[in-house]
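Undergrad: So I've got this file, structure.cif, and it contains mmCIF, C-alpha atoms:
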data_final
#
loop_
_atom_site.label_atom_id
_atom_site.label_comp_id
_atom_site.auth_asym_id
_atom_site.auth_seq_id
_atom_site.Cartn_x
_atom_site.Cartn_y
_atom_site.Cartn_z
CA MET A 1 258.32 82.74 142.84
CA PRO A 2 258.45 86.02 140.87
CA LEU A 3 260.36 88.93 142.39
CA VAL A 4 257.19 90.94 142.90
CA MET A 5 255.74 88.13 145.05
CA ILE A 6 258.89 88.10 147.17
CA PHE A 7 258.50 91.86 147.69
CA TYR A 8 254.85 91.31 148.53
CA TYR A 9 255.61 88.74 151.20
CA ALA A 10 258.38 90.93 152.58
CA ILE A 11 255.89 93.83 152.85
CA CYS A 12 253.40 91.50 154.60
CA VAL A 13 256.06 90.50 157.13
CA PHE A 14 257.04 94.14 157.67
CA ILE A 15 253.45 95.36 158.19
CA GLY A 16 252.74 92.33 160.38
CA ALA A 17 255.77 93.12 162.53
CA MET A 18 254.63 96.76 162.85
CA LEU A 19 251.17 95.61 163.95
CA VAL A 20 252.66 93.28 166.56
CA TRP A 21 254.94 96.07 167.75
CA ASN A 22 252.00 98.47 168.04
CA PHE A 23 249.98 95.81 169.85
CA ILE A 24 252.79 95.38 172.37
CA ARG A 25 253.17 99.14 172.85
CA GLU A 26 249.47 99.89 173.17
CA LYS A 27 248.62 100.42 176.84
CA LYS A 28 245.33 102.31 176.87
CA SER A 29 242.84 101.50 174.15
CA LEU A 30 241.23 98.03 174.13
CA ASN A 31 239.74 98.77 170.70
CA ASP A 32 243.13 99.47 169.20
CA MET A 33 244.64 96.35 170.77
CA LEU A 34 241.92 94.18 169.24
CA LEU A 35 242.07 95.95 165.89
CA TYR A 36 245.85 95.42 165.60
CA LEU A 37 245.32 91.70 166.07
CA LEU A 38 242.35 91.43 163.69
CA VAL A 39 244.19 93.29 160.94
CA LEU A 40 247.11 90.95 161.52
CA ILE A 41 245.09 87.79 160.69
CA PRO A 42 245.08 87.98 156.84
CA LEU A 43 248.75 88.98 156.81
CA VAL A 44 249.75 85.97 158.91
CA LEU A 45 247.60 83.61 156.80
CA ARG A 46 249.21 84.96 153.64
CA VAL A 47 252.77 84.72 154.93
CA LEU A 48 252.07 81.13 155.99
CA ARG A 49 250.63 80.56 152.47
CA ILE A 50 247.26 79.44 153.79
CA LYS A 51 244.93 82.03 152.27
CA MET B 1 237.93 102.29 175.68
CA ALA B 2 240.65 102.90 178.28
CA VAL B 3 242.08 100.17 180.46
CA LYS B 4 243.86 100.10 183.85
CA MET B 5 247.62 99.65 183.55
CA SER B 6 247.63 96.68 185.93
CA ASN B 7 245.25 94.72 183.67
CA VAL B 8 246.92 95.46 180.35
CA TRP B 9 248.87 92.24 179.97
CA THR B 10 246.00 90.07 181.13
CA ILE B 11 243.67 91.62 178.56
CA LYS B 12 246.30 91.46 175.85
CA SER B 13 246.86 87.79 176.57
CA ILE B 14 243.12 87.05 176.36
CA PHE B 15 242.84 88.95 173.06
CA LEU B 16 245.87 87.13 171.72
CA VAL B 17 244.47 83.70 172.61
CA ILE B 18 241.09 84.53 171.01
CA VAL B 19 242.64 85.84 167.80
CA ILE B 20 245.08 82.91 167.54
CA ALA B 21 242.15 80.51 168.06
CA ILE B 22 240.14 82.21 165.28
CA MET B 23 243.18 82.17 163.00
CA ALA B 24 243.95 78.52 163.74
CA LEU B 25 240.37 77.31 163.30
CA GLY B 26 239.92 79.16 160.00
CA GLY B 27 243.44 78.63 158.74
CA LEU B 28 243.54 74.90 159.45
CA GLN B 29 240.39 74.29 157.41
CA LEU B 30 241.76 76.28 154.48
CA PHE B 31 245.15 74.55 154.75
CA LYS B 32 243.54 71.10 154.76
CA HIS B 33 241.33 72.02 151.80
CA ARG B 34 244.29 73.24 149.76
CA HIS B 35 246.23 70.04 150.43
CA TYR B 36 243.38 67.50 150.28
CA MET B 37 244.05 64.85 147.63
CA MET B 38 241.13 63.14 145.95
CA PRO B 39 241.78 59.56 144.80
CA ILE B 40 240.82 58.65 141.24
CA VAL B 41 240.70 54.97 140.29
CA ALA B 42 242.04 54.52 136.77
CA GLY B 43 239.59 52.37 134.84
CA PRO B 44 240.25 49.65 132.26
CA GLY B 45 240.85 52.16 129.47
CA VAL B 46 243.62 54.14 131.16
CA ALA B 47 246.94 53.34 129.48
CA LYS B 48 249.08 56.05 131.04
CA VAL B 49 248.89 59.11 133.24
CA VAL B 50 251.23 62.02 132.62
CA LYS B 51 251.51 65.55 133.91
CA LEU B 52 250.44 68.70 132.10
CA SER B 53 253.94 70.01 132.82
CA ASP B 54 255.23 67.38 130.36
CA TYR B 55 253.70 69.65 127.71
CA SER B 56 254.23 73.01 129.42
CA ARG B 57 257.50 73.01 131.35
CA GLY B 58 256.65 76.22 133.19
CA LEU B 59 254.12 74.27 135.28
CA LYS B 60 256.69 71.91 136.74
CA GLY B 61 256.73 72.06 140.52
CA THR B 62 253.75 74.44 140.76
CA MET B 63 250.29 73.87 142.27
CA ALA B 64 248.85 74.34 138.78
CA ASP B 65 250.37 71.12 137.46
CA THR B 66 247.78 68.41 137.00
CA ASN B 67 247.23 64.81 135.90
CA VAL B 68 246.44 63.97 132.28
CA PHE B 69 244.84 60.56 131.72
CA PHE B 70 245.34 58.77 128.40
CA LEU B 71 242.71 56.14 127.54
CA GLU B 72 244.01 54.31 124.50
CA GLY B 73 242.00 52.07 122.20
CA LYS B 74 242.88 48.66 120.83
CA GLU B 75 242.84 50.15 117.34
CA GLU B 76 244.20 53.40 115.94
CA GLY B 77 241.70 56.18 115.43
CA GLY B 78 240.97 59.79 116.23
CA LYS B 79 241.70 61.61 119.50
CA MET B 80 239.47 63.54 121.84
CA LEU B 81 240.60 65.79 124.69
CA ILE B 82 238.16 66.30 127.58
CA MET B 83 238.86 69.08 130.06
CA ALA B 84 236.93 69.43 133.31
CA ASN B 85 237.10 71.92 136.16
CA THR B 86 238.31 74.73 133.95
CA HIS B 87 236.11 76.47 136.49
CA ALA B 88 236.47 74.43 139.66
CA ASN B 89 233.17 75.67 141.11
CA GLU B 90 231.24 73.88 138.34
CA PRO B 91 231.65 70.29 139.58
CA SER B 92 229.31 68.46 137.19
CA ALA B 93 232.25 68.69 134.76
CA LEU B 94 234.65 66.92 137.11
CA LEU B 95 232.07 64.26 138.01
CA ALA B 96 231.44 63.48 134.34
CA ALA B 97 235.18 63.31 133.63
CA LEU B 98 235.63 60.87 136.54
CA ILE B 99 232.92 58.62 135.09
CA PHE B 100 234.88 58.48 131.83
CA ILE B 101 238.23 57.84 133.56
CA GLU B 102 236.92 55.14 135.91
CA ASN B 103 234.70 53.29 133.41
CA ALA B 104 235.42 53.98 129.75
CA GLU B 105 236.79 51.25 127.53
CA VAL B 106 238.16 52.63 124.30
CA GLU B 107 237.82 50.40 121.26
CA LYS B 108 239.22 52.80 118.69
CA GLY B 109 241.22 55.99 119.02
CA THR B 110 242.27 57.80 122.18
CA LEU B 111 240.58 59.78 124.93
CA ILE B 112 242.77 62.27 126.78
CA ILE B 113 241.16 63.54 129.97
CA ILE B 114 242.25 66.33 132.30
CA PRO B 115 239.83 66.10 135.24
CA GLN B 116 241.18 69.10 137.19
CA PHE B 117 242.21 71.49 134.44
CA ASN B 118 242.56 74.45 136.79
CA GLN B 119 244.19 72.54 139.63
CA SER B 120 245.02 75.74 141.52
CA ALA B 121 241.36 76.90 141.41
CA SER B 122 240.25 73.53 142.76
CA ARG B 123 242.36 74.30 145.84
CA ASN B 124 240.89 77.78 146.20
CA THR B 125 237.52 78.72 147.69
CA ARG B 126 235.16 81.67 148.03
CA PRO B 127 234.53 82.22 151.75
CA GLY B 128 232.79 85.54 151.07
CA ASP B 129 230.03 83.67 149.25
CA GLY B 130 229.90 80.95 151.91
CA TYR B 131 231.08 78.21 149.56
CA PRO B 132 231.36 74.76 151.15
CA LEU B 133 234.94 73.46 151.13
CA TYR B 134 233.90 69.93 150.13
CA PHE B 135 230.91 67.96 148.96
CA GLU B 136 230.25 64.23 149.03
CA ILE B 137 228.78 61.97 146.40
CA PRO B 138 227.08 58.88 147.86
CA THR B 139 228.32 55.62 146.38
CA GLU B 140 227.70 51.93 147.09
CA TRP B 141 230.95 51.77 149.12
CA GLY B 142 230.54 55.05 151.04
CA ALA B 143 230.86 58.73 150.27
CA LYS B 144 233.32 60.11 147.74
CA LYS B 145 234.67 63.37 149.14
CA ILE B 146 235.50 66.04 146.60
CA ARG B 147 237.04 69.51 146.95
CA MET B 148 234.74 72.35 145.97
CA GLY B 149 236.91 74.90 144.23
CA ASN B 150 236.55 78.40 142.90
CA ARG B 151 236.24 79.92 139.43
CA ASP B 152 239.72 81.41 139.49
CA ALA B 153 243.16 80.16 140.41
CA SER B 154 244.35 80.77 143.94
CA PRO B 155 246.21 84.05 144.45
CA LEU B 156 248.72 81.97 146.41
CA ASP B 157 249.79 80.50 143.08
CA GLN B 158 249.42 83.47 140.74
CA TRP B 159 249.61 87.01 142.02
CA PRO B 160 249.47 90.01 141.80
CA ASP B 161 246.60 90.60 139.37
CA PRO B 162 247.08 93.38 136.83
CA ASP B 163 244.69 96.37 136.71
CA VAL B 164 243.50 95.05 133.35
CA TYR B 165 244.31 91.67 131.84
CA ILE B 166 245.69 92.17 128.35
CA HIS B 167 244.91 89.01 126.45
CA TYR B 168 247.70 87.29 124.57
CA PRO B 169 248.07 87.46 121.58
CA GLU B 170 245.01 89.55 120.62
CA ARG B 171 245.67 92.29 123.21
CA GLN B 172 241.97 92.57 124.01
CA LEU B 173 241.40 94.22 127.41
CA LEU B 174 239.73 91.83 129.84
CA SER B 175 238.81 92.07 133.50
CA PHE B 176 241.77 91.90 135.91
CA ILE B 177 240.41 88.72 137.51
CA ASP B 178 240.46 86.89 134.16
CA VAL B 179 244.23 86.57 134.38
CA ARG B 180 243.47 83.70 136.80
CA ASN B 181 240.55 82.30 134.76
CA THR B 182 241.56 79.40 132.51
CA ASN B 183 238.65 80.16 130.22
CA ARG B 184 240.08 83.56 129.36
CA THR B 185 243.79 82.73 129.08
CA TRP B 186 243.64 80.63 125.87
CA PRO B 187 245.74 79.99 123.84
CA GLY B 188 248.32 80.81 126.49
CA ARG B 189 252.09 80.98 126.22
CA ALA B 190 254.97 79.01 127.64
CA ASN B 191 256.38 81.84 129.76
CA GLY B 192 253.21 83.79 130.54
CA PRO B 193 251.32 84.02 133.83
CA LEU B 194 250.69 80.61 135.41
CA MET B 195 247.19 80.17 133.97
CA GLU B 196 248.47 80.98 130.47
CA ARG B 197 250.98 78.16 130.98
CA VAL B 198 248.08 75.83 131.83
CA THR B 199 246.18 76.61 128.62
CA HIS B 200 249.45 76.53 126.68
CA GLY B 201 249.94 72.96 127.97
CA ALA B 202 246.55 71.94 126.62
CA ILE B 203 247.24 73.56 123.24
CA GLU B 204 250.56 71.66 123.12
CA ILE B 205 248.72 68.39 123.85
CA MET B 206 246.38 69.14 120.95
CA LYS B 207 249.25 69.92 118.60
CA GLN B 208 251.67 67.17 119.63
CA GLU B 209 249.06 64.42 119.98
CA LYS B 210 247.11 65.60 116.92
CA VAL B 211 243.85 65.85 118.83
CA ASP B 212 240.77 65.96 116.60
CA ILE B 213 238.18 67.29 119.02
CA ALA B 214 238.41 69.07 122.37
CA VAL B 215 235.55 69.36 124.84
CA ASP B 216 235.63 71.82 127.71
CA LEU B 217 233.00 70.92 130.34
CA HIS B 218 231.30 73.66 132.34
CA GLY B 219 228.25 74.65 134.32
CA ALA B 220 226.35 77.93 134.04
CA GLU B 221 223.71 79.81 136.01
CA THR B 222 220.05 79.23 135.15
CA MET B 223 219.67 83.02 134.78
CA PHE B 224 222.53 83.21 132.28
CA PRO B 225 221.46 82.86 128.64
CA VAL B 226 224.44 80.71 127.66
CA THR B 227 223.41 77.68 129.68
CA ASN B 228 222.25 74.16 128.86
CA CYS B 229 224.07 74.36 125.56
CA ILE B 230 227.00 73.47 123.33
CA VAL B 231 229.11 76.51 122.41
CA ALA B 232 230.85 75.98 119.09
CA PRO B 233 232.70 78.10 116.52
CA ASP B 234 231.83 77.85 112.82
CA LYS B 235 234.24 74.95 112.22
CA SER B 236 232.53 72.80 114.90
CA VAL B 237 228.95 73.94 114.51
CA ARG B 238 227.76 71.16 112.19
CA ILE B 239 228.80 68.42 114.60
CA ALA B 240 227.43 70.39 117.56
CA THR B 241 224.07 70.81 115.82
CA MET B 242 223.82 67.12 114.99
CA ALA B 243 224.69 66.19 118.58
CA SER B 244 222.18 68.69 119.95
CA LEU B 245 219.35 67.44 117.72
CA THR B 246 220.15 63.80 118.48
CA VAL B 247 220.17 64.09 122.28
CA LYS B 248 216.96 66.10 122.12
CA ALA B 249 215.22 63.51 119.91
CA ARG B 250 216.59 60.33 121.48
CA GLU B 251 217.22 61.24 125.10
CA GLY B 252 214.69 64.00 125.65
CA PHE B 253 216.88 66.76 127.06
CA ASP B 254 217.76 70.11 125.62
CA SER B 255 221.30 71.21 124.86
CA HIS B 256 221.02 73.87 122.21
CA VAL B 257 223.87 75.27 120.13
CA GLU B 258 225.33 78.70 120.83
CA PRO B 259 227.74 80.31 118.37
CA SER B 260 231.20 81.12 119.67
CA PRO B 261 231.59 84.93 119.41
CA SER B 262 234.60 85.82 117.28
CA GLY B 263 235.20 89.14 119.05
CA PHE B 264 235.42 87.80 122.60
CA ARG B 265 238.93 86.48 123.12
CA GLY B 266 240.53 84.01 125.47
CA LEU B 267 237.74 81.43 125.57
CA SER B 268 238.47 77.78 124.81
CA HIS B 269 235.78 77.45 122.12
CA ARG B 270 237.27 80.45 120.30
CA GLU B 271 241.03 80.15 120.70
CA ILE B 272 241.41 76.36 120.32
CA GLY B 273 239.74 76.61 116.94
CA ASP B 274 241.80 79.63 115.90
CA HIS B 275 245.18 78.32 117.11
CA SER B 276 245.06 74.61 116.31
CA ASP B 277 243.51 72.10 113.93
CA THR B 278 241.34 70.75 116.75
CA LEU B 279 237.56 71.22 116.72
CA PRO B 280 236.51 72.83 120.02
CA PHE B 281 233.24 72.47 121.92
CA LEU B 282 232.25 73.94 125.27
CA LEU B 283 229.39 72.27 127.12
CA GLU B 284 227.30 74.13 129.67
CA ALA B 285 224.96 72.36 132.09
CA PRO B 286 222.76 74.44 134.42
CA ILE B 287 224.02 74.91 137.98
CA PRO B 288 221.54 76.72 140.24
CA PHE B 289 224.18 76.96 142.98
CA LEU B 290 225.97 79.66 140.98
CA ASP B 291 222.90 81.87 140.51
CA GLN B 292 223.02 85.02 142.63
CA PRO B 293 219.46 85.20 143.99
CA THR B 294 219.44 81.88 145.86
CA GLY B 295 219.32 80.86 149.50
CA PRO B 296 222.51 79.78 151.31
CA LYS B 297 225.20 78.15 149.19
CA THR B 298 224.90 74.74 150.79
CA VAL B 299 226.06 71.31 149.66
CA LYS B 300 222.38 70.40 149.32
CA LEU B 301 221.80 73.24 146.86
CA LEU B 302 224.92 72.21 144.98
CA LEU B 303 223.70 68.63 144.63
CA ASP B 304 219.92 68.93 144.17
CA GLY B 305 219.70 72.40 142.64
CA LYS B 306 216.46 73.13 144.50
CA ASP B 307 215.90 76.72 145.51
CA PRO B 308 212.63 78.55 146.32
CA PHE B 309 213.86 81.88 144.97
CA LEU B 310 214.79 80.38 141.61
CA LEU B 311 211.44 78.60 141.54
CA SER B 312 209.69 81.92 142.02
CA LEU B 313 211.83 83.51 139.27
CA SER B 314 211.07 80.58 137.01
CA ARG B 315 207.34 81.22 137.39
CA LYS B 316 208.00 84.81 136.35
CA GLY B 317 209.82 83.60 133.24
CA LYS B 318 213.22 84.89 134.32
CA LEU B 319 215.22 81.69 133.86
CA PHE B 320 216.73 80.33 130.67
CA VAL B 321 216.05 76.68 131.55
CA PRO B 322 212.90 74.83 132.59
CA TYR B 323 212.79 74.77 136.40
CA ASP B 324 210.26 73.29 138.82
CA GLU B 325 210.08 71.78 142.32
CA THR B 326 212.47 69.00 141.31
CA GLY B 327 215.30 71.56 140.94
CA TRP B 328 218.19 70.60 138.70
CA PRO B 329 219.90 67.65 140.38
CA MET B 330 223.54 66.76 139.82
CA GLU B 331 222.58 63.47 138.13
CA LYS B 332 220.83 65.36 135.32
CA ARG B 333 223.76 67.71 134.80
CA VAL B 334 226.38 64.96 134.81
CA GLY B 335 224.18 62.73 132.64
CA GLN B 336 223.84 65.52 130.10
CA HIS B 337 227.60 65.99 129.93
CA CYS B 338 228.15 62.24 129.44
CA SER B 339 225.54 61.96 126.70
CA VAL B 340 226.61 65.07 124.81
CA VAL B 341 230.28 64.03 124.87
CA LEU B 342 229.37 60.55 123.58
CA GLU B 343 227.18 62.09 120.91
CA LEU B 344 229.94 64.48 119.79
CA LEU B 345 232.23 61.44 119.49
CA LYS B 346 229.65 59.62 117.43
CA GLN B 347 228.91 62.53 115.12
CA TYR B 348 232.60 63.25 114.60
CA SER B 349 233.28 59.58 113.85
CA ARG B 350 230.50 59.57 111.26
CA LYS B 351 231.92 62.66 109.59
CA SER B 352 235.53 61.39 109.70
CA PRO B 353 235.42 57.56 109.61
CA GLN B 354 239.20 57.35 109.13
CA ARG B 355 239.58 59.07 112.53
CA GLU B 356 236.84 57.17 114.30
CA ILE B 357 236.74 57.15 118.13
CA GLU B 358 234.75 54.37 119.72
CA VAL B 359 234.10 54.27 123.45
CA ARG B 360 232.15 51.70 125.46
CA ASN B 361 230.90 51.41 129.04
CA VAL B 362 230.13 55.08 129.64
CA PRO B 363 226.56 55.66 130.85
CA ARG B 364 224.20 57.99 129.06
CA TYR B 365 221.81 60.55 130.54
CA ALA B 366 218.96 58.19 131.52
CA GLU B 367 221.32 55.70 133.19
CA VAL B 368 223.08 58.37 135.27
CA VAL B 369 219.74 59.86 136.34
CA LYS B 370 218.46 56.39 137.27
CA ASN B 371 221.54 54.99 139.01
CA GLY B 372 223.03 58.18 140.45
CA VAL B 373 226.51 59.56 139.81
CA GLY B 374 228.16 57.62 142.65
CA HIS B 375 227.19 54.29 141.10
CA TYR B 376 229.99 54.76 138.57
CA TYR B 377 232.82 55.45 141.01
CA HIS B 378 235.09 52.73 142.35
CA ASP B 379 236.37 52.27 145.88
CA PRO B 380 240.01 53.44 145.98
CA LYS B 381 240.62 51.25 149.06
CA LYS B 382 239.76 48.10 147.13
CA ALA B 383 241.51 49.09 143.90
CA ASP B 384 245.08 48.13 143.01
CA LYS B 385 247.39 50.79 144.43
CA ASP B 386 249.02 51.39 141.07
CA LYS B 387 245.58 52.25 139.66
CA VAL B 388 244.87 54.99 142.20
CA TYR B 389 245.93 58.51 141.30
CA LEU B 390 245.71 61.41 143.71
CA ASN B 391 244.40 64.61 142.24
#
Can you dump the structure from the file as structure tokens?
TA:
Amino acid sequence: MPLVMIFYYAICVFIGAMLVWNFIREKKSLNDMLLYLLVLIPLVLRVLRIK
Amino acid sequence: MAVKMSNVWTIKSIFLVIVIAIMALGGLQLFKHRHYMMPIVAGPGVAKVVKLSDYSRGLKGTMADTNVFFLEGKEEGGKMLIMANTHANEPSALLAALIFIENAEVEKGTLIIIPQFNQSASRNTRPGDGYPLYFEIPTEWGAKKIRMGNRDASPLDQWPDPDVYIHYPERQLLSFIDVRNTNRTWPGRANGPLMERVTHGAIEIMKQEKVDIAVDLHGAETMFPVTNCIVAPDKSVRIATMASLTVKAREGFDSHVEPSPSGFRGLSHREIGDHSDTLPFLLEAPIPFLDQPTGPKTVKLLLDGKDPFLLSLSRKGKLFVPYDETGWPMEKRVGQHCSVVLELLKQYSRKSPQREIEVRNVPRYAEVVKNGVGHYYHDPKKADKDKVYLN
């Protein structure tokens, strides 16, 4: 795997972790909770090398 | 929308379950599609099966590596390379290649067949266009299940895309997406992007095996002018013209000749001719499924090519092929590919008798239309295990 791909996957993991963290911290807005999870989907699928 | 503190974790848990369910349902289908292996039964002509990475080492261990079938004749002769699924969303190419692999008996010369040229693209899909993940061809022993791929290699295998793809070696600027399109990355290079390594492998086959003619099988939209045709550069045009005239006169279908543009780089019919001694041909059969103004992209449309919107456009004279209520069924497209390939072989053999290639037991257009495509496929469960190759 080229170095740039490794960076890319590392960035995906980082952003994914931030989204999960924000989802956990969110206490008020249902919209934001759902949006954090929806935005997380493609990142998880990419890190798992599914899509 | 605000939520009471006491309910937060309940709601979060519900959201989490829903999103995980969506992800699992979608992801599992895509995962299975990417890893589905289609069995191919090697016919009586197959002498050996090697990997494309044997000719392009950079493919070793990648999802782009693919099987190369060698069908060797009893006598020495010329050599033909057939490549299918350069674009893995044009399946008439693959189906025709499978007919050759499973049935052809070579009397003279050698046939080299790569049924899934862009292996990575065959494991990719286009969910935004609602592509089916698979389609089935009915046979006498059941349905043969085949992956429906995409035009370009999967970004899981080659990524990131550049802003502009700079073609090697001509340095022509091409669309960014063409870096994953194995009909723009010819002639390729050993250490280039993955798809350049794929085309490099094919060029190496042509050089090392001294291939005389190469045929790249495709499908094209009915609204695209370069459809139902043989694309050939100057060095191949005489044979292409003779093949075109013969199939028209003897078999009653049109496959006109289109000149290969010298200023448009990266295409097989251009670069193979310019970078090797091999004569290239690219065959296009119509595929209504790929046209933009159609109904849903269903398996039915893929197989029968019937669409009311295209019919309406046909009546307005907007299509480049004849089109009526019968659509453009898969049998016609595959039959055309079989006949044109056989005719190219015949015309080449006439022109170069010392490099003759003689192939038997491959059906022509009328037979494929009459018997159906599935008639020519063999049951992998009943075949000898050492004859079954997973692709």
Undergrad: Taking the file above as input, evaluate the PyMOL selection byres ((chain B) within 12 of (chain A)) and report the hits as number ranges by chain.
TA: B: 1-35, 58, 61-63, 123-127, 154-161, 192-194
Undergrad: Using all atoms listed in the file for the distances, tell me which of B:Lys370, B:Arg184, B:Lys297, B:Lys332 is nearest to B:Gln172.
TA: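 Closest residue, counting all atoms listed in the file: B:Arg184.
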Undergrad: I'd like the contact shell of B:Val237 - 12 Å cut-off, only C-alpha atoms, skipping same-chain residues fewer than 6 positions apart - returned as number ranges by chain.
TA: B: 230-231, 243-244, 256-260, 269, 273, 279-282, 344, 347-348
Undergrad: Please measure the separation of atom CA of B:Val334 and atom CA of B:Thr139, giving the value in Å to one decimal.
TA: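 Result for atom CA of B:Val334 versus atom CA of B:Thr139: 15.0 Å, one decimal.
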Undergrad: Neighbouring residues of B:Met37 were defined as those with any atom within 12 Å, considering all atoms listed in the file; residues of the same chain fewer than 5 positions away were excluded. Please report them as a ChimeraX atom specification.
TA: /B:32,66,116,119,122-123,134,144-147,388-391
Undergrad: Do you know which residues the PyMOL selection byres ((chain A and resi 19) around 8) returns on this file, as a VMD selection string?
TA: chain A and resid 15 to 18 20 to 23 36 to 37 39 to 40
Undergrad: How many Å lie between atom CA of B:Cys229 and atom CA of B:Arg333, rounded to one decimal?
TA: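 Value for the atom CA of B:Cys229-atom CA of B:Arg333 distance: 11.4 Å.
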Undergrad: Taking the file as shown, what set of residues would the PyMOL selection byres ((chain B and resi 79) around 7) give back, as a list in words?
TA: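 The output of the PyMOL selection byres ((chain B and resi 79) around 7) on this file is Gly77, Gly78, Met80, Leu81, Gly109, Thr110, Leu111, Val211, Asp212, Ile213 and Ile357 of chain B.
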Undergrad: To one decimal place in Å, what is the distance between atom CA of B:Leu95 and atom CA of B:Ala366?
TA: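 Computing the Euclidean distance for atom CA of B:Leu95 and atom CA of B:Ala366 yields 15.8 Å.
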Undergrad: Find the spatial neighbours of stretch 358-362 of chain B, counting all atoms listed in the file, within a cut-off of 9 Å - ignore same-chain residues fewer than 6 positions away - and output them as a ChimeraX atom specification.
TA: /B:73,77-78,99-100,103-111,338-339,342,345-346,349,376
Undergrad: With all atoms listed in the file as the atoms that count, which of B:Ile205, B:Val68, B:Ala214, B:Val198 lies nearest to B:Ile82?
TA: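 Nearest candidate to B:Ile82 out of B:Ile205, B:Val68, B:Ala214, B:Val198: B:Ala214.
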Undergrad: Taking the partial coordinates given, rebuild stretch 240-252 of chain B to contain N, CA and C atoms; return it as a PDB file, keeping the file's coordinate frame.
TA:
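Result written to result_32.pdb:
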ATOM      1  N   ALA B 240     228.166  69.976 116.355  1.00  0.00           N
ATOM      2  CA  ALA B 240     227.430  70.390 117.560  1.00  0.00           C
ATOM      3  C   ALA B 240     225.925  70.343 117.310  1.00  0.00           C
ATOM      4  N   THR B 241     225.503  70.805 116.142  1.00  0.00           N
ATOM      5  CA  THR B 241     224.070  70.810 115.820  1.00  0.00           C
ATOM      6  C   THR B 241     223.527  69.391 115.748  1.00  0.00           C
ATOM      7  N   MET B 242     224.267  68.515 115.095  1.00  0.00           N
ATOM      8  CA  MET B 242     223.820  67.120 114.990  1.00  0.00           C
ATOM      9  C   MET B 242     223.726  66.477 116.378  1.00  0.00           C
ATOM     10  N   ALA B 243     224.707  66.757 117.218  1.00  0.00           N
ATOM     11  CA  ALA B 243     224.690  66.190 118.580  1.00  0.00           C
ATOM     12  C   ALA B 243     223.507  66.752 119.363  1.00  0.00           C
ATOM     13  N   SER B 244     223.273  68.046 119.233  1.00  0.00           N
ATOM     14  CA  SER B 244     222.180  68.690 119.950  1.00  0.00           C
ATOM     15  C   SER B 244     220.824  68.104 119.533  1.00  0.00           C
ATOM     16  N   LEU B 245     220.634  67.979 118.225  1.00  0.00           N
ATOM     17  CA  LEU B 245     219.350  67.440 117.720  1.00  0.00           C
ATOM     18  C   LEU B 245     219.174  65.981 118.168  1.00  0.00           C
ATOM     19  N   THR B 246     220.257  65.225 118.154  1.00  0.00           N
ATOM     20  CA  THR B 246     220.150  63.800 118.480  1.00  0.00           C
ATOM     21  C   THR B 246     219.813  63.588 119.952  1.00  0.00           C
ATOM     22  N   VAL B 247     220.479  64.302 120.848  1.00  0.00           N
ATOM     23  CA  VAL B 247     220.170  64.090 122.280  1.00  0.00           C
ATOM     24  C   VAL B 247     218.751  64.572 122.596  1.00  0.00           C
ATOM     25  N   LYS B 248     218.329  65.607 121.899  1.00  0.00           N
ATOM     26  CA  LYS B 248     216.960  66.100 122.120  1.00  0.00           C
ATOM     27  C   LYS B 248     215.949  65.037 121.667  1.00  0.00           C
ATOM     28  N   ALA B 249     216.182  64.476 120.480  1.00  0.00           N
ATOM     29  CA  ALA B 249     215.220  63.510 119.910  1.00  0.00           C
ATOM     30  C   ALA B 249     215.275  62.167 120.643  1.00  0.00           C
ATOM     31  N   ARG B 250     216.462  61.699 120.929  1.00  0.00           N
ATOM     32  CA  ARG B 250     216.590  60.330 121.480  1.00  0.00           C
ATOM     33  C   ARG B 250     216.556  60.270 122.997  1.00  0.00           C
ATOM     34  N   GLU B 251     217.088  61.330 123.645  1.00  0.00           N
ATOM     35  CA  GLU B 251     217.220  61.240 125.100  1.00  0.00           C
ATOM     36  C   GLU B 251     216.346  62.241 125.840  1.00  0.00           C
ATOM     37  N   GLY B 252     215.719  63.141 125.069  1.00  0.00           N
ATOM     38  CA  GLY B 252     214.690  64.000 125.650  1.00  0.00           C
ATOM     39  C   GLY B 252     215.182  65.167 126.484  1.00  0.00           C
TER      40      GLY B 252
END
